[in-house]
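With PDB, C-alpha atoms inside, this is protein_38.pdb:
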```pdb
ATOM      1  CA  MET F  11      87.534 113.664 119.321
ATOM      2  CA  ALA F  12      86.715 110.000 119.540
ATOM      3  CA  THR F  13      87.684 108.059 122.652
ATOM      4  CA  TRP F  14      89.251 104.614 122.971
ATOM      5  CA  ASP F  15      85.871 103.018 123.732
ATOM      6  CA  GLU F  16      84.306 104.631 120.662
ATOM      7  CA  LEU F  17      87.039 103.500 118.249
ATOM      8  CA  ALA F  18      86.092  99.872 117.692
ATOM      9  CA  LEU F  19      87.636  97.809 114.902
ATOM     10  CA  GLY F  20      85.910  98.680 111.643
ATOM     11  CA  MET F  21      84.623 102.038 112.871
ATOM     12  CA  GLU F  22      84.546 104.548 110.028
ATOM     13  CA  ALA F  23      85.172 108.272 110.192
ATOM     14  CA  PRO F  24      82.470 110.566 108.842
ATOM     15  CA  GLU F  25      83.187 110.941 105.126
ATOM     16  CA  ARG F  26      84.531 114.292 103.897
ATOM     17  CA  THR F  27      84.018 115.747 100.423
ATOM     18  CA  VAL F  28      86.418 118.377  99.044
ATOM     19  CA  GLY F  29      86.043 120.248  95.796
ATOM     20  CA  PRO F  30      85.537 120.480  92.994
ATOM     21  CA  LEU F  31      89.236 121.339  92.803
ATOM     22  CA  THR F  32      90.313 124.106  90.465
ATOM     23  CA  ARG F  33      93.499 125.077  88.679
ATOM     24  CA  THR F  34      93.709 127.924  91.188
ATOM     25  CA  ASP F  35      93.803 125.336  93.997
ATOM     26  CA  PHE F  36      96.698 123.618  92.213
ATOM     27  CA  VAL F  37      98.628 126.869  91.763
ATOM     28  CA  ARG F  38      98.007 127.976  95.350
ATOM     29  CA  TYR F  39      99.397 124.663  96.593
ATOM     30  CA  GLN F  40     102.393 125.009  94.282
ATOM     31  CA  GLY F  41     103.114 128.441  95.746
ATOM     32  CA  ALA F  42     102.837 127.142  99.305
ATOM     33  CA  SER F  43     105.006 124.094  98.641
ATOM     34  CA  GLY F  44     107.566 125.634  96.306
ATOM     35  CA  ASP F  45     106.921 122.956  93.653
ATOM     36  CA  PHE F  46     106.589 124.957  90.441
ATOM     37  CA  ASN F  47     106.657 122.112  87.916
ATOM     38  CA  PRO F  48     104.716 123.565  84.945
ATOM     39  CA  ILE F  49     102.921 120.257  84.370
ATOM     40  CA  HIS F  50     100.610 121.300  87.225
ATOM     41  CA  HIS F  51      99.614 124.738  85.874
ATOM     42  CA  ASP F  52     100.641 125.155  82.205
ATOM     43  CA  GLU F  53      98.122 123.535  79.847
ATOM     44  CA  GLU F  54     100.417 123.500  76.808
ATOM     45  CA  PHE F  55     103.291 122.022  78.801
ATOM     46  CA  ALA F  56     101.062 119.286  80.264
ATOM     47  CA  GLN F  57      99.683 118.394  76.842
ATOM     48  CA  SER F  58     103.172 118.326  75.276
ATOM     49  CA  ALA F  59     104.081 115.754  77.949
ATOM     50  CA  GLY F  60     101.153 113.563  76.860
ATOM     51  CA  TYR F  61      98.558 114.522  79.468
ATOM     52  CA  PRO F  62      95.084 115.760  78.564
ATOM     53  CA  SER F  63      95.394 118.687  80.975
ATOM     54  CA  VAL F  64      97.236 119.947  84.033
ATOM     55  CA  PHE F  65      96.882 117.814  87.166
ATOM     56  CA  SER F  66      97.297 118.319  90.878
ATOM     57  CA  VAL F  67     100.520 117.963  92.829
ATOM     58  CA  GLY F  68      99.989 114.680  94.695
ATOM     59  CA  MET F  69     100.980 116.238  98.000
ATOM     60  CA  LEU F  70      97.862 118.445  97.830
ATOM     61  CA  GLN F  71      95.718 115.333  98.187
ATOM     62  CA  ALA F  72      98.065 113.986 100.868
ATOM     63  CA  GLY F  73      97.584 117.219 102.819
ATOM     64  CA  ILE F  74      93.820 117.008 102.431
ATOM     65  CA  LEU F  75      93.931 113.424 103.722
ATOM     66  CA  ALA F  76      96.162 114.385 106.655
ATOM     67  CA  SER F  77      93.762 117.182 107.625
ATOM     68  CA  PHE F  78      90.839 114.756 107.418
ATOM     69  CA  ALA F  79      92.590 112.340 109.807
ATOM     70  CA  THR F  80      93.806 114.986 112.270
ATOM     71  CA  ASP F  81      90.380 116.647 112.383
ATOM     72  CA  TRP F  82      89.015 113.238 113.421
ATOM     73  CA  LEU F  83      91.629 112.233 116.012
ATOM     74  CA  GLY F  84      93.706 115.339 116.746
ATOM     75  CA  PRO F  85      97.006 116.641 115.375
ATOM     76  CA  ASP F  86      98.832 116.119 118.683
ATOM     77  CA  ASN F  87      97.961 112.418 118.564
ATOM     78  CA  VAL F  88      99.644 111.497 115.253
ATOM     79  CA  ARG F  89     102.229 108.750 115.682
ATOM     80  CA  GLY F  90     102.624 107.811 112.020
ATOM     81  CA  PHE F  91     101.271 108.789 108.598
ATOM     82  CA  GLY F  92     101.995 107.595 105.082
ATOM     83  CA  VAL F  93     100.473 107.648 101.633
ATOM     84  CA  GLN F  94     100.732 105.908  98.285
ATOM     85  CA  PHE F  95      99.898 107.932  95.181
ATOM     86  CA  ARG F  96      97.579 105.991  92.890
ATOM     87  CA  GLU F  97      95.829 108.223  90.345
ATOM     88  CA  GLN F  98      96.069 111.783  89.095
ATOM     89  CA  VAL F  99      93.584 114.428  90.194
ATOM     90  CA  TRP F 100      92.289 116.728  87.470
ATOM     91  CA  PRO F 101      90.654 120.161  87.491
ATOM     92  CA  GLY F 102      86.995 119.721  88.381
ATOM     93  CA  ASP F 103      87.526 116.553  90.426
ATOM     94  CA  THR F 104      85.710 116.277  93.732
ATOM     95  CA  LEU F 105      87.561 114.232  96.330
ATOM     96  CA  VAL F 106      86.025 111.981  98.966
ATOM     97  CA  CYS F 107      88.072 111.138 102.082
ATOM     98  CA  THR F 108      87.288 108.011 104.092
ATOM     99  CA  GLY F 109      88.961 106.227 106.944
ATOM    100  CA  LYS F 110      88.436 103.280 109.242
ATOM    101  CA  VAL F 111      90.014 101.691 112.282
ATOM    102  CA  VAL F 112      91.894  98.504 111.338
ATOM    103  CA  ASP F 113      93.822  97.805 114.562
ATOM    104  CA  ARG F 114      93.894  98.778 118.246
ATOM    105  CA  LYS F 115      96.943  98.418 120.468
ATOM    106  CA  GLU F 116      97.821  99.019 124.089
ATOM    107  CA  GLY F 117     101.444  99.206 125.112
ATOM    108  CA  GLU F 118     104.361 101.379 126.101
ATOM    109  CA  GLY F 119     102.010 103.498 128.212
ATOM    110  CA  GLU F 120      99.831 104.445 125.255
ATOM    111  CA  ARG F 121      96.742 103.267 123.431
ATOM    112  CA  THR F 122      96.877 103.578 119.654
ATOM    113  CA  VAL F 123      94.684 102.889 116.667
ATOM    114  CA  ASP F 124      95.816 102.145 113.133
ATOM    115  CA  LEU F 125      93.750 103.578 110.313
ATOM    116  CA  GLU F 126      93.273 102.789 106.647
ATOM    117  CA  LEU F 127      92.700 106.025 104.758
ATOM    118  CA  LEU F 128      91.551 106.658 101.210
ATOM    119  CA  VAL F 129      90.978 109.601  98.861
ATOM    120  CA  THR F 130      88.818 108.748  95.878
ATOM    121  CA  ARG F 131      87.929 110.909  92.913
ATOM    122  CA  GLN F 132      84.173 111.255  92.572
ATOM    123  CA  GLY F 133      83.422 109.262  89.447
ATOM    124  CA  GLY F 134      87.001 107.954  89.392
ATOM    125  CA  GLY F 135      89.291 105.660  91.281
ATOM    126  CA  ALA F 136      91.578 105.900  94.273
ATOM    127  CA  ALA F 137      93.798 108.970  94.108
ATOM    128  CA  ILE F 138      95.640 108.139  97.339
ATOM    129  CA  LYS F 139      95.728 105.204  99.733
ATOM    130  CA  GLY F 140      97.037 106.013 103.159
ATOM    131  CA  TRP F 141      97.618 104.772 106.657
ATOM    132  CA  ALA F 142      98.012 106.436 110.022
ATOM    133  CA  THR F 143      98.586 105.603 113.661
ATOM    134  CA  PHE F 144      97.082 107.808 116.373
ATOM    135  CA  ALA F 145      97.329 107.810 120.141
ATOM    136  CA  VAL F 146      93.903 107.760 121.777
ATOM    137  CA  ALA F 147      92.885 108.871 125.271
TER     138      ALA F 147
END
```

Let's see the structure in the file written out as structure tokens.
Amino acid sequence: MATWDELALGMEAPERTVGPLTRTDFVRYQGASGDFNPIHHDEEFAQSAGYPSVFSVGMLQAGILASFATDWLGPDNVRGFGVQFREQVWPGDTLVCTGKVVDRKEGEGERTVDLELLVTRQGGGAAIKGWATFAVA
């Protein structure tokens, strides 16, 4: 894990690529989360709702982004995490996770860094924008 001295403003995490995602990935996440909306696994249902195909549950990408951040700075160090859903993720999409340090703070007996996080679809736009705050030793 990175140390306080290593986490300068603007420092970027090593990029992570995930995928290509499959319909099976979508269904497995639905089973784990209990979200069985057919728009995420039933082609005919998704098309009848005006979509070209099924698409991922947004929380799958949020989970991928959270894992990316905690692998970088440690799950015990999370002080805050949030996301904004931007674009759907389709079967066959490959996701790219990035993150950078945008603020450093010392106070209340703890050093923290604020991160900007992003999941982009390879060949597409931003699927999720996120932020996080981590305590740093």

(request) Would you translate the PyMOL selection byres ((chain F and resi 107-115) around 9) into the concrete set of residues it matches in this file, as a PyMOL selection string? (result) chain F and resi 14+17-28+74-75+78-79+105-106+116-117+120-130+140-141

(request) Quote the spacing between CA of Gln94 (chain F) and CA of Thr80 (chain F) in Å to one decimal place. (result)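 Computing the Euclidean distance for CA of Gln94 (chain F) and CA of Thr80 (chain F) yields 18.1 Å.
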
(request) Counting all atoms listed in the file, figure out which residue out of F:Gly90, F:Gln71, F:Ala59, F:Gly102 gets nearest to Thr34 (chain F). (result) F:Gly102

(message) Would you compute the distance between CA of Asp52 (chain F) and CA of Ile138 (chain F)? Give it in Å to one decimal.
(response) 23.3 Å

(request) Carefully work through the PyMOL selection byres ((chain F and resi 147) around 7) for this structure and note down the residues it includes, as a VMD selection string. (result) chain F and resid 13 to 14 145 to 146

(request) Would you kindly translate the PyMOL selection byres ((chain F and resi 66) around 8) into the concrete residues it picks from this file, as number ranges by chain? (result) F: 36, 50, 64-65, 67-68, 70, 98-101

(message) Restricting the calculation to all atoms listed in the file: of F:Met11, F:Met69, F:Ile49, F:Pro30, which residue gets closest to Phe144 (chain F)?
(response)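 Checking each of F:Met11, F:Met69, F:Ile49, F:Pro30 against Phe144 (chain F), counting all atoms listed in the file, the winner is F:Met11.
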
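What separates CA of Thr143 (chain F) from CA of Ser43 (chain F) is a distance of 24.7 Å.
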
Mind giving me the axis-aligned box for region 46-52 of chain F with 5 Å on every side, centre plus edges in Å to one decimal, as AutoDock Vina command-line options?
```
--center_x 103.1 --center_y 122.7 --center_z 86.3 --size_x 17.0 --size_y 14.9 --size_z 18.2
```
